[in-house]
file query_13.cif (mmCIF, C-alpha atoms)
data_coords
loop_
_atom_site.label_atom_id
_atom_site.label_comp_id
_atom_site.auth_asym_id
_atom_site.auth_seq_id
_atom_site.Cartn_x
_atom_site.Cartn_y
_atom_site.Cartn_z
CA MET L 1 79.32 116.77 -13.39
CA ALA L 2 82.78 117.02 -14.86
CA SER L 3 82.03 114.80 -17.80
CA SER L 4 84.59 116.35 -20.08
CA GLY L 5 87.51 115.93 -17.73
CA SER L 6 88.28 119.48 -16.70
CA GLY L 7 91.08 118.75 -14.33
CA TYR L 8 90.18 115.21 -13.33
CA ASP L 9 91.73 113.74 -16.41
CA LEU L 10 95.34 114.61 -15.88
CA SER L 11 96.48 111.50 -14.09
CA PRO L 12 95.48 107.85 -13.75
CA THR L 13 95.55 108.31 -10.00
CA THR L 14 92.63 110.74 -10.00
CA PHE L 15 89.00 109.66 -9.70
CA SER L 16 86.39 112.04 -11.07
CA PRO L 17 83.50 113.03 -8.76
CA ASP L 18 81.32 110.36 -10.34
CA GLY L 19 83.90 107.68 -9.82
CA ARG L 20 85.43 107.40 -13.28
CA ILE L 21 89.09 107.28 -14.21
CA PHE L 22 89.33 109.45 -17.30
CA GLN L 23 92.86 108.55 -18.29
CA VAL L 24 91.83 104.93 -18.73
CA GLU L 25 88.79 105.95 -20.76
CA TYR L 26 90.94 108.16 -22.99
CA ALA L 27 93.33 105.26 -23.55
CA SER L 28 90.37 103.24 -24.84
CA LYS L 29 89.56 106.10 -27.19
CA ALA L 30 93.06 105.90 -28.61
CA VAL L 31 92.36 102.27 -29.45
CA ALA L 32 88.97 103.08 -30.91
CA SER L 33 90.40 105.39 -33.50
CA SER L 34 92.90 102.95 -34.96
CA GLY L 35 92.70 100.22 -37.58
CA THR L 36 90.25 97.42 -36.88
CA SER L 37 91.14 93.98 -35.55
CA VAL L 38 88.81 91.04 -35.32
CA GLY L 39 89.17 87.77 -33.44
CA LEU L 40 86.97 84.70 -33.84
CA LYS L 41 86.98 81.51 -31.80
CA VAL L 42 85.87 78.71 -34.10
CA SER L 43 85.52 75.00 -33.60
CA ASN L 44 89.13 74.04 -34.16
CA GLY L 45 91.02 77.20 -33.32
CA VAL L 46 91.11 80.96 -33.19
CA VAL L 47 91.40 83.35 -36.11
CA LEU L 48 92.90 86.82 -35.67
CA VAL L 49 92.63 89.35 -38.46
CA THR L 50 93.95 92.87 -38.37
CA GLU L 51 93.76 95.83 -40.72
CA LYS L 52 97.09 97.20 -41.79
CA LEU L 53 97.07 100.82 -42.72
CA LEU L 54 99.87 101.62 -45.13
CA ASN L 55 100.03 105.36 -45.09
CA SER L 56 102.49 105.81 -47.84
CA LYS L 57 103.53 104.02 -51.02
CA MET L 58 107.09 104.23 -49.78
CA LEU L 59 106.38 101.84 -46.89
CA VAL L 60 107.67 98.33 -47.33
CA PRO L 61 104.70 96.00 -47.03
CA GLY L 62 105.28 93.45 -44.30
CA SER L 63 106.90 95.90 -41.95
CA SER L 64 105.27 97.26 -38.79
CA ARG L 65 103.52 94.02 -37.97
CA ARG L 66 100.45 93.99 -35.80
CA LEU L 67 100.26 90.25 -35.30
CA HIS L 68 102.88 88.77 -33.04
CA GLY L 69 103.72 85.38 -31.64
CA LEU L 70 104.09 85.14 -27.88
CA ASP L 71 105.09 81.50 -27.68
CA ARG L 72 104.55 78.43 -29.79
CA HIS L 73 101.05 78.02 -28.48
CA ALA L 74 100.03 81.67 -28.21
CA GLY L 75 99.88 84.74 -30.40
CA CYS L 76 98.32 88.12 -30.27
CA SER L 77 97.13 91.03 -32.35
CA VAL L 78 97.62 94.66 -31.34
CA THR L 79 95.08 97.43 -31.86
CA GLY L 80 95.81 101.03 -31.05
CA LEU L 81 99.20 102.65 -30.55
CA VAL L 82 101.53 100.09 -32.09
CA SER L 83 104.48 101.11 -29.94
CA ASP L 84 102.49 100.70 -26.73
CA GLY L 85 101.38 97.37 -28.06
CA ARG L 86 104.97 96.32 -28.54
CA GLN L 87 105.59 96.71 -24.81
CA LEU L 88 102.68 94.43 -24.07
CA VAL L 89 103.88 91.87 -26.60
CA ASN L 90 107.39 91.89 -25.12
CA ARG L 91 105.95 91.41 -21.66
CA GLY L 92 103.76 88.59 -22.93
CA ARG L 93 106.77 86.90 -24.47
CA SER L 94 108.83 87.15 -21.32
CA GLU L 95 105.94 85.89 -19.16
CA ALA L 96 105.46 82.90 -21.42
CA SER L 97 109.15 82.15 -21.47
CA ASN L 98 109.52 82.51 -17.69
CA TYR L 99 106.63 80.19 -17.12
CA LEU L 100 108.22 77.57 -19.31
CA ASP L 101 111.53 77.94 -17.49
CA THR L 102 109.97 77.77 -14.03
CA TYR L 103 107.32 75.11 -14.48
CA GLY L 104 108.51 73.13 -17.45
CA ILE L 105 105.25 73.30 -19.38
CA ARG L 106 103.82 75.93 -21.67
CA SER L 107 101.80 78.59 -19.88
CA PRO L 108 98.07 77.92 -19.78
CA PRO L 109 96.16 80.69 -21.58
CA SER L 110 94.42 81.87 -18.42
CA VAL L 111 97.72 82.38 -16.62
CA LEU L 112 99.34 84.18 -19.54
CA CYS L 113 96.35 86.46 -20.08
CA ASP L 114 95.91 87.18 -16.37
CA ARG L 115 99.53 88.21 -16.09
CA LEU L 116 99.34 90.43 -19.14
CA ALA L 117 96.12 91.98 -17.84
CA SER L 118 97.69 92.63 -14.42
CA PHE L 119 100.63 94.23 -16.17
CA ALA L 120 98.38 96.54 -18.18
CA HIS L 121 96.36 97.29 -15.04
CA TYR L 122 99.43 98.35 -13.07
CA PHE L 123 99.89 101.25 -15.47
CA THR L 124 96.44 102.52 -14.50
CA LEU L 125 97.43 102.75 -10.85
CA HIS L 126 100.59 104.74 -10.75
CA GLY L 127 100.77 108.52 -11.08
CA ALA L 128 104.09 108.49 -12.86
CA LEU L 129 102.82 106.20 -15.61
CA ARG L 130 100.06 106.27 -18.17
CA PRO L 131 97.81 103.43 -19.33
CA PHE L 132 98.73 101.61 -22.53
CA GLY L 133 96.90 102.93 -25.57
CA ALA L 134 96.55 99.44 -26.98
CA THR L 135 94.23 96.46 -26.82
CA THR L 136 95.66 93.01 -27.36
CA MET L 137 93.71 89.99 -28.44
CA VAL L 138 95.50 86.86 -27.28
CA ALA L 139 94.81 83.59 -29.01
CA ALA L 140 96.19 80.59 -27.17
CA TYR L 141 95.91 76.84 -26.81
CA ASP L 142 95.65 74.96 -23.54
CA GLU L 143 97.28 71.55 -23.95
CA ASP L 144 95.78 70.07 -20.76
CA VAL L 145 92.16 70.55 -21.65
CA GLU L 146 92.85 70.73 -25.40
CA GLU L 147 90.96 73.94 -25.83
CA TYR L 148 91.55 77.16 -27.68
CA THR L 149 90.85 80.50 -26.06
CA LEU L 150 90.53 84.04 -27.28
CA THR L 151 91.02 86.76 -24.68
CA MET L 152 90.86 90.51 -25.22
CA ILE L 153 92.91 92.66 -22.85
CA GLU L 154 91.87 96.30 -22.74
CA PRO L 155 93.86 99.35 -21.59
CA SER L 156 92.06 99.25 -18.24
CA GLY L 157 93.45 95.78 -17.57
CA GLN L 158 90.06 94.18 -18.05
CA ALA L 159 90.34 90.78 -19.70
CA TYR L 160 87.47 88.53 -20.72
CA ARG L 161 87.36 85.42 -22.82
CA TYR L 162 85.37 85.92 -25.99
CA PHE L 163 83.76 83.86 -28.69
CA GLY L 164 84.30 86.76 -31.03
CA CYS L 165 85.62 90.25 -30.50
CA ALA L 166 86.55 93.37 -32.39
CA ALA L 167 88.52 96.50 -31.62
CA GLY L 168 89.37 99.67 -33.47
CA LYS L 169 87.43 101.95 -35.79
CA GLY L 170 85.12 99.39 -37.32
CA ARG L 171 84.34 97.44 -34.17
CA GLN L 172 80.63 98.22 -34.00
CA GLY L 173 79.94 96.95 -37.48
CA ALA L 174 82.27 93.99 -36.97
CA LYS L 175 80.56 92.95 -33.74
CA THR L 176 77.15 93.05 -35.39
CA GLU L 177 78.41 90.79 -38.15
CA ILE L 178 80.09 88.41 -35.71
CA GLU L 179 76.92 87.95 -33.68
CA LYS L 180 75.17 86.73 -36.78
CA LEU L 181 77.72 83.99 -37.42
CA ASN L 182 77.59 80.47 -36.06
CA LEU L 183 81.11 80.25 -34.76
CA GLN L 184 80.97 76.74 -33.37
CA GLY L 185 80.05 75.37 -36.73
CA MET L 186 83.06 76.75 -38.55
CA ASP L 187 86.63 75.74 -38.80
CA CYS L 188 89.63 78.00 -39.18
CA SER L 189 89.63 78.37 -42.94
CA GLU L 190 85.97 79.30 -43.03
CA GLY L 191 86.54 81.71 -40.16
CA LEU L 192 89.32 83.36 -42.10
CA ASP L 193 87.11 83.89 -45.10
CA LYS L 194 84.40 85.50 -43.05
CA MET P 1 83.52 124.86 -3.15
CA SER P 2 85.51 127.07 -5.53
CA ARG P 3 88.61 127.28 -3.41
CA ASP P 4 91.93 128.25 -4.90
CA SER P 5 93.74 124.95 -4.74
CA ASN P 6 91.57 122.22 -6.17
CA TYR P 7 94.23 119.63 -5.57
CA ASP P 8 92.20 118.27 -2.70
CA HIS P 9 89.93 116.89 -5.38
CA HIS P 10 92.77 115.45 -7.39
CA ILE P 11 95.05 113.65 -5.02
CA SER P 12 94.55 112.21 -1.61
CA ILE P 13 95.15 115.24 0.57
CA PHE P 14 92.74 116.82 3.02
CA SER P 15 90.31 119.46 1.87
CA PRO P 16 89.84 122.52 4.11
CA ASN P 17 86.80 120.92 5.70
CA GLY P 18 88.70 117.77 6.52
CA ARG P 19 87.47 115.44 3.81
CA LEU P 20 89.42 113.19 1.49
CA TYR P 21 87.60 113.70 -1.79
CA GLN P 22 89.59 111.17 -3.75
CA VAL P 23 88.71 108.45 -1.28
CA GLU P 24 85.03 109.41 -1.48
CA TYR P 25 85.19 109.27 -5.27
CA ALA P 26 86.83 105.87 -5.01
CA PHE P 27 83.80 104.68 -3.02
CA LYS P 28 81.51 105.95 -5.76
CA ALA P 29 83.60 104.16 -8.35
CA ALA P 30 83.47 100.92 -6.34
CA ALA P 31 79.72 101.12 -5.97
CA SER P 32 78.79 102.17 -9.45
CA ALA P 33 81.62 100.91 -11.69
CA SER P 34 80.03 97.57 -12.35
CA GLY P 35 76.44 98.42 -11.51
CA LEU P 36 76.15 95.15 -9.62
CA THR P 37 74.98 94.51 -6.07
CA SER P 38 76.40 91.83 -3.79
CA VAL P 39 75.05 90.61 -0.47
CA ALA P 40 76.46 88.34 2.19
CA CYS P 41 75.23 86.89 5.47
CA ARG P 42 76.29 84.41 8.07
CA GLY P 43 74.18 81.81 9.80
CA SER P 44 74.83 79.40 12.62
CA ASP P 45 77.54 77.42 10.83
CA THR P 46 77.61 78.74 7.27
CA CYS P 47 78.36 81.94 5.42
CA ALA P 48 76.72 82.68 2.09
CA MET P 49 77.39 85.34 -0.52
CA VAL P 50 75.35 86.17 -3.59
CA THR P 51 76.01 88.56 -6.44
CA GLN P 52 74.49 89.37 -9.80
CA LYS P 53 76.16 87.96 -12.84
CA LYS P 54 75.92 90.20 -15.84
CA VAL P 55 77.82 89.30 -18.98
CA PRO P 56 78.60 92.66 -20.64
CA GLU P 57 78.39 91.45 -24.24
CA ARG P 58 76.86 88.49 -25.99
CA LEU P 59 80.16 87.45 -27.46
CA ILE P 60 81.88 87.06 -24.11
CA ASP P 61 82.40 83.54 -22.80
CA PRO P 62 80.24 83.51 -19.62
CA SER P 63 82.63 81.21 -17.77
CA SER P 64 85.25 83.95 -17.78
CA VAL P 65 82.95 86.41 -15.99
CA SER P 66 83.02 85.87 -12.26
CA ASN P 67 83.41 87.98 -9.15
CA VAL P 68 83.90 85.06 -6.79
CA TYR P 69 87.47 84.11 -5.94
CA THR P 70 89.06 81.54 -3.66
CA ILE P 71 91.94 82.95 -1.64
CA ILE P 72 92.89 79.77 0.17
CA PRO P 73 90.63 76.72 0.32
CA SER P 74 89.01 77.88 3.54
CA ILE P 75 88.64 81.56 2.66
CA GLY P 76 86.64 82.93 -0.20
CA CYS P 77 85.93 86.40 -1.38
CA LEU P 78 83.37 88.26 -3.41
CA MET P 79 84.60 91.43 -5.11
CA THR P 80 82.43 94.34 -6.18
CA GLY P 81 83.71 97.21 -8.28
CA HIS P 82 86.08 97.91 -11.14
CA SER P 83 87.06 94.48 -12.35
CA PRO P 84 90.79 94.95 -13.03
CA ASP P 85 91.17 96.51 -9.58
CA CYS P 86 89.30 93.54 -8.11
CA LYS P 87 91.71 91.10 -9.73
CA ALA P 88 94.71 93.06 -8.50
CA LEU P 89 93.39 92.96 -4.94
CA VAL P 90 92.68 89.24 -5.17
CA SER P 91 96.25 88.61 -6.32
CA ARG P 92 97.53 90.53 -3.34
CA MET P 93 95.22 88.68 -0.94
CA ARG P 94 96.40 85.34 -2.27
CA TYR P 95 100.00 86.41 -1.86
CA GLU P 96 99.45 87.62 1.71
CA ALA P 97 97.56 84.49 2.70
CA ASN P 98 100.17 82.15 1.33
CA ASP P 99 102.99 84.20 2.82
CA PHE P 100 101.34 83.89 6.23
CA GLN P 101 101.05 80.13 5.80
CA TYR P 102 104.70 79.92 4.83
CA LYS P 103 105.90 82.01 7.76
CA TYR P 104 103.69 80.68 10.54
CA GLY P 105 102.76 77.24 9.35
CA TYR P 106 98.98 77.46 9.54
CA PRO P 107 96.26 78.97 7.34
CA ILE P 108 95.63 82.66 7.90
CA PRO P 109 92.50 83.49 9.93
CA VAL P 110 90.11 85.55 7.85
CA GLY P 111 90.17 88.45 10.33
CA SER P 112 93.93 88.76 10.03
CA LEU P 113 93.71 88.68 6.24
CA ALA P 114 91.05 91.36 6.26
CA GLN P 115 93.18 93.51 8.55
CA ARG P 116 96.24 93.11 6.33
CA ILE P 117 94.36 94.00 3.16
CA ALA P 118 92.74 96.95 4.86
CA ASP P 119 96.14 98.26 5.92
CA ILE P 120 97.41 97.93 2.37
CA ALA P 121 94.33 99.76 1.06
CA GLN P 122 94.92 102.56 3.53
CA VAL P 123 98.44 103.13 2.22
CA ASN P 124 96.99 103.96 -1.19
CA THR P 125 94.94 106.69 0.38
CA GLN P 126 98.05 108.36 1.74
CA LYS P 127 100.36 108.13 -1.25
CA ALA P 128 100.13 110.73 -3.95
CA SER P 129 101.52 108.42 -6.56
CA PHE P 130 98.93 105.68 -6.17
CA ARG P 131 95.18 105.75 -6.29
CA PRO P 132 92.82 103.75 -4.05
CA LEU P 133 91.55 100.57 -5.72
CA ALA P 134 87.91 100.98 -6.69
CA CYS P 135 86.66 97.74 -5.21
CA THR P 136 85.07 96.37 -2.06
CA ALA P 137 85.97 92.90 -0.86
CA MET P 138 83.75 90.64 1.22
CA LEU P 139 85.70 87.81 2.82
CA VAL P 140 84.11 84.73 4.34
CA SER P 141 85.38 81.75 6.20
CA VAL P 142 84.39 79.43 9.04
CA ASP P 143 87.05 80.21 11.58
CA ASP P 144 88.25 77.52 14.03
CA GLU P 145 87.84 79.76 17.01
CA LYS P 146 85.19 82.26 16.02
CA GLY P 147 82.85 80.23 13.84
CA PRO P 148 81.38 81.64 10.63
CA SER P 149 82.98 85.02 9.89
CA LEU P 150 82.20 87.67 7.32
CA TYR P 151 84.43 90.72 6.81
CA LYS P 152 84.06 93.64 4.45
CA VAL P 153 87.07 95.70 3.32
CA ASP P 154 86.46 98.94 1.45
CA PRO P 155 88.64 101.31 -0.63
CA ALA P 156 89.39 103.55 2.34
CA GLY P 157 90.87 100.75 4.37
CA HIS P 158 87.96 100.22 6.75
CA PHE P 159 87.27 96.65 7.70
CA LEU P 160 84.69 95.28 10.07
CA PRO P 161 83.16 91.91 10.84
CA PHE P 162 79.51 91.68 9.89
CA LYS P 163 76.53 89.48 10.56
CA ALA P 164 75.21 90.49 7.17
CA THR P 165 76.26 93.12 4.69
CA ALA P 166 75.97 94.35 1.15
CA SER P 167 77.96 96.38 -1.34
CA GLY P 168 77.46 97.84 -4.77
CA ALA P 169 74.71 99.81 -6.41
CA LYS P 170 71.82 98.85 -4.08
CA GLU P 171 73.84 98.57 -0.92
CA GLN P 172 71.51 100.64 1.24
CA GLU P 173 68.33 98.77 0.36
CA ALA P 174 69.99 95.41 0.91
CA THR P 175 71.33 96.48 4.29
CA ASN P 176 67.82 97.61 5.30
CA TYR P 177 66.47 94.18 4.34
CA PHE P 178 69.06 92.44 6.44
CA GLU P 179 68.44 94.66 9.44
CA LYS P 180 64.98 93.20 9.69
CA LYS P 181 66.32 89.66 9.57
CA VAL P 182 69.41 89.99 11.71
CA GLY P 183 67.76 88.53 14.80
CA ASP P 184 66.93 85.27 13.03
CA LEU P 185 70.19 84.89 11.14
CA SER P 186 72.21 83.26 13.89
CA GLY P 187 69.79 80.37 13.99
CA TYR P 188 69.76 79.61 10.27
CA ASN P 189 71.20 76.40 8.96
CA ALA P 190 73.14 76.17 5.71
CA ASP P 191 70.19 76.14 3.31
CA GLU P 192 68.35 78.86 5.16
CA THR P 193 71.41 81.12 5.12
CA VAL P 194 71.82 80.74 1.38
CA ARG P 195 68.15 81.36 0.80
CA CYS P 196 68.13 84.44 2.98
CA ALA P 197 70.94 85.92 0.91
CA ILE P 198 69.22 85.08 -2.39
CA MET P 199 65.89 86.48 -1.18
CA CYS P 200 67.57 89.68 -0.06
CA LEU P 201 69.07 90.23 -3.50
CA GLY P 202 65.77 89.35 -5.12
CA SER P 203 63.77 91.79 -3.07
CA VAL P 204 66.30 94.58 -3.54
CA LEU P 205 66.48 94.17 -7.30
CA GLY P 206 62.76 93.56 -7.56
CA SER P 207 63.01 90.55 -9.84
CA ASP P 208 63.18 86.81 -9.86
CA PHE P 209 66.34 85.17 -11.08
CA ARG P 210 67.39 82.28 -13.18
CA GLY P 211 70.37 80.23 -12.08
CA SER P 212 72.59 81.82 -14.68
CA GLU P 213 71.96 85.38 -13.53
CA ILE P 214 73.43 85.12 -10.05
CA GLU P 215 76.53 83.65 -8.51
CA VAL P 216 76.15 82.00 -5.12
CA CYS P 217 79.02 80.86 -2.96
CA THR P 218 79.20 79.38 0.50
CA VAL P 219 81.59 78.14 3.12
CA GLU P 220 80.41 75.60 5.68
CA LYS P 221 81.81 74.35 8.94
CA GLY P 222 84.66 71.99 8.27
CA GLY P 223 84.31 72.50 4.56
CA LYS P 224 85.96 74.44 1.81
CA PHE P 225 84.79 77.61 0.17
CA LYS P 226 82.84 76.71 -2.92
CA LYS P 227 80.83 78.32 -5.66
CA LEU P 228 77.47 76.73 -6.27
CA SER P 229 76.83 75.28 -9.68
CA GLU P 230 73.88 76.42 -11.76
CA GLU P 231 71.89 73.31 -10.78
CA GLU P 232 72.41 73.87 -7.07
CA THR P 233 71.45 77.54 -7.48
CA GLU P 234 68.31 76.55 -9.39
CA ARG P 235 67.41 74.15 -6.56
CA HIS P 236 67.55 76.98 -4.04
CA LEU P 237 65.57 79.28 -6.32
CA ASN P 238 62.88 76.63 -6.74
CA ASP P 239 62.69 76.09 -2.98
CA ILE P 240 62.26 79.83 -2.49
CA ALA P 241 59.52 79.97 -5.11
CA GLU P 242 57.71 77.08 -3.41
CA MET P 243 57.99 78.75 -0.04
CA ASP P 244 56.35 81.90 -1.36
CA ALA P 245 53.66 80.09 -3.33
#

call {"tool": "encode", "arguments": {"input": "query_13.cif", "output": "structure tokens"}}
result
Amino acid sequence: MASSGSGYDLSPTTFSPDGRIFQVEYASKAVASSGTSVGLKVSNGVVLVTEKLLNSKMLVPGSSRRLHGLDRHAGCSVTGLVSDGRQLVNRGRSEASNYLDTYGIRSPPSVLCDRLASFAHYFTLHGALRPFGATTMVAAYDEDVEEYTLTMIEPSGQAYRYFGCAAGKGRQGAKTEIEKLNLQGMDCSEGLDK
Amino acid sequence: MSRDSNYDHHISIFSPNGRLYQVEYAFKAAASASGLTSVACRGSDTCAMVTQKKVPERLIDPSSVSNVYTIIPSIGCLMTGHSPDCKALVSRMRYEANDFQYKYGYPIPVGSLAQRIADIAQVNTQKASFRPLACTAMLVSVDDEKGPSLYKVDPAGHFLPFKATASGAKEQEATNYFEKKVGDLSGYNADETVRCAIMCLGSVLGSDFRGSEIEVCTVEKGGKFKKLSEEETERHLNDIAEMDA
């Protein structure tokens, strides 16, 4: 079995003999070796925390942001290749803005996340493109049902809603800690402390 | 097969013995990517589909995990395979169905939708720049002219109408189960059709279910495609348990 690639990992349009798409899996590895991000859905909102790695004392703190706003009711954090993440953020912003222009109301979280996930997925289909090496966690508010949602969109285009999620180097440890918490019983400030 | 050009394994061109390896690998991906099995059958006036529901992690919101999609109110589909590919195909199906309605003024018959999606899937097997989508779609509807209809569309672009079918990890065992029941299926009413599908999945996976571990969806004559709630699923599971007891 060609489990280490060996020729089947050169393009997102190639399946391996056991039905895997290696390019997408490698993109996830790029995310897994970057700084950690954590998202928590608590009783009155969503908390997104991300680790900022300042490689040099010369860097101006506050530059190279990893948390971005997509619209007034939605924001996201980027884990992985920051430049790839910027493409996703820009797309998210334009989707949100187009929705507002077309329909007159702010995009519901499910629509925004589905569109962003489809966008990321498209890059896993075409031979001339490569998947994004970034995971985005989108925190958004739905004004109709008055609910907050946290969705994680992975390089494969897979998007699920989470109660708590983590990505990056420390995700295993973070996930274990999150499972121990009682998220429904917290509010945002407690969530931030945790 | 250590032939010189291994490109026949990498893109969708013919190998020297006439096979399309990439398409075959796509089938493997569709069957094993999610590890789930789905079954579907049609009765006298109802079609039922059942699939396993596995939430990959404890922290995921279970209401966001679903393989059942409504295309138009009268047509539903159950997707098996790589979940982003499934969603992409569903988007395309919804677009095609609504485009048909816009052009011709009436809802698309499920057979025509299946044919259109199959044709689109086939194009991916002939283009070097695109890969086949690793997902199998099972479409159901109660057609005005043909009655309950069940179609399966696979990554290669095959589509066929079925009396009962399965896809996913335990496809073969489920199909064998249905082959024994196919004679009775056309006489089943709505409840019996649903139960037959649930019992097939149960016998293939060798376990009993709780309502939260499977997704059941049906379409009945004159009705819309709907997904059963957990309570309705539990009711069917209890009736099955009483039947066996």

call {"tool": "resolve_selection", "arguments": {"input": "query_13.cif", "expression": "the PyMOL selection byres ((chain L) within 7 of (chain P))", "output": "ChimeraX atom specification"}}
result
/L:8,13-20,118,121,125-128,156-158,160-165

call {"tool": "atom_distance", "arguments": {"input": "query_13.cif", "atom1": "CA of Cys113 (chain L)", "atom2": "CA of Ile153 (chain L)"}}
result
7.6 Å

call {"tool": "resolve_selection", "arguments": {"input": "query_13.cif", "expression": "the PyMOL selection byres ((chain L and resi 131) around 8)", "output": "ChimeraX atom specification"}}
result
/L:12,23-24,27,120-121,123-124,129-130,132-133,155-156

call {"tool": "resolve_selection", "arguments": {"input": "query_13.cif", "expression": "the PyMOL selection byres ((chain L and resi 142) around 10)", "output": "PyMOL selection string"}}
result
chain L and resi 73-74+106-110+140-141+143-149

call {"tool": "closest_residue", "arguments": {"input": "query_13.cif", "among": "L:Leu40, L:Ala167, L:Lys57, L:Asn98", "to": "Glu179 (chain L)", "atoms": "all atoms listed in the file"}}
result
L:Leu40

call {"tool": "closest_residue", "arguments": {"input": "query_13.cif", "among": "L:Leu100, L:Cys76, L:Val46, L:Val38", "to": "Glu177 (chain L)", "atoms": "all atoms listed in the file"}}
result
L:Val38

call {"tool": "residues_around", "arguments": {"input": "query_13.cif", "residues": "region 214-223 of chain P", "least_positions_apart": "5", "cutoff": "7 Å", "atoms": "all atoms listed in the file", "output": "PDB file with C-alpha atoms, keeping the file's coordinate frame"}}
result
ATOM      1  CA  ASP P  45      77.540  77.420  10.830  1.00  0.00           C
ATOM      2  CA  THR P  46      77.610  78.740   7.270  1.00  0.00           C
ATOM      3  CA  CYS P  47      78.360  81.940   5.420  1.00  0.00           C
ATOM      4  CA  ALA P  48      76.720  82.680   2.090  1.00  0.00           C
ATOM      5  CA  MET P  49      77.390  85.340  -0.520  1.00  0.00           C
ATOM      6  CA  VAL P  50      75.350  86.170  -3.590  1.00  0.00           C
ATOM      7  CA  THR P  51      76.010  88.560  -6.440  1.00  0.00           C
ATOM      8  CA  GLN P  52      74.490  89.370  -9.800  1.00  0.00           C
ATOM      9  CA  LYS P  53      76.160  87.960 -12.840  1.00  0.00           C
ATOM     10  CA  SER P 141      85.380  81.750   6.200  1.00  0.00           C
ATOM     11  CA  VAL P 142      84.390  79.430   9.040  1.00  0.00           C
ATOM     12  CA  LEU P 228      77.470  76.730  -6.270  1.00  0.00           C
ATOM     13  CA  THR P 233      71.450  77.540  -7.480  1.00  0.00           C
TER      14      THR P 233
END

call {"tool": "atom_distance", "arguments": {"input": "query_13.cif", "atom1": "CA of Glu95 (chain L)", "atom2": "CA of Val111 (chain L)"}}
result
9.3 Å

call {"tool": "atom_distance", "arguments": {"input": "query_13.cif", "atom1": "CA of Leu48 (chain L)", "atom2": "CA of Gly75 (chain L)"}}
result
9.0 Å

call {"tool": "residues_around", "arguments": {"input": "query_13.cif", "residues": "Ser37 (chain L)", "least_positions_apart": "3", "cutoff": "10 Å", "atoms": "only C-alpha atoms", "output": "ChimeraX atom specification"}}
result
/L:34,48-52,66-67,77-80,135-137,165-171,174

call {"tool": "write_last_selection", "arguments": {"input": "query_13.cif", "atoms": "C-alpha atoms", "output": "mmCIF file, in the frame of the given file"}}
result
data_model
loop_
_atom_site.group_PDB
_atom_site.id
_atom_site.type_symbol
_atom_site.label_atom_id
_atom_site.label_comp_id
_atom_site.auth_asym_id
_atom_site.auth_seq_id
_atom_site.Cartn_x
_atom_site.Cartn_y
_atom_site.Cartn_z
ATOM 1 C CA SER L 34 92.900 102.950 -34.960
ATOM 2 C CA LEU L 48 92.900 86.820 -35.670
ATOM 3 C CA VAL L 49 92.630 89.350 -38.460
ATOM 4 C CA THR L 50 93.950 92.870 -38.370
ATOM 5 C CA GLU L 51 93.760 95.830 -40.720
ATOM 6 C CA LYS L 52 97.090 97.200 -41.790
ATOM 7 C CA ARG L 66 100.450 93.990 -35.800
ATOM 8 C CA LEU L 67 100.260 90.250 -35.300
ATOM 9 C CA SER L 77 97.130 91.030 -32.350
ATOM 10 C CA VAL L 78 97.620 94.660 -31.340
ATOM 11 C CA THR L 79 95.080 97.430 -31.860
ATOM 12 C CA GLY L 80 95.810 101.030 -31.050
ATOM 13 C CA THR L 135 94.230 96.460 -26.820
ATOM 14 C CA THR L 136 95.660 93.010 -27.360
ATOM 15 C CA MET L 137 93.710 89.990 -28.440
ATOM 16 C CA CYS L 165 85.620 90.250 -30.500
ATOM 17 C CA ALA L 166 86.550 93.370 -32.390
ATOM 18 C CA ALA L 167 88.520 96.500 -31.620
ATOM 19 C CA GLY L 168 89.370 99.670 -33.470
ATOM 20 C CA LYS L 169 87.430 101.950 -35.790
ATOM 21 C CA GLY L 170 85.120 99.390 -37.320
ATOM 22 C CA ARG L 171 84.340 97.440 -34.170
ATOM 23 C CA ALA L 174 82.270 93.990 -36.970
#

call {"tool": "residues_around", "arguments": {"input": "query_13.cif", "residues": "Arg86 (chain L)", "least_positions_apart": "2", "cutoff": "10 Å", "atoms": "all atoms listed in the file", "output": "list of chain:residue names"}}
result
L:Arg65, L:Arg66, L:His68, L:Val78, L:Leu81, L:Val82, L:Ser83, L:Asp84, L:Leu88, L:Val89, L:Asn90, L:Arg91, L:Gly92, L:Ala134, L:Thr136
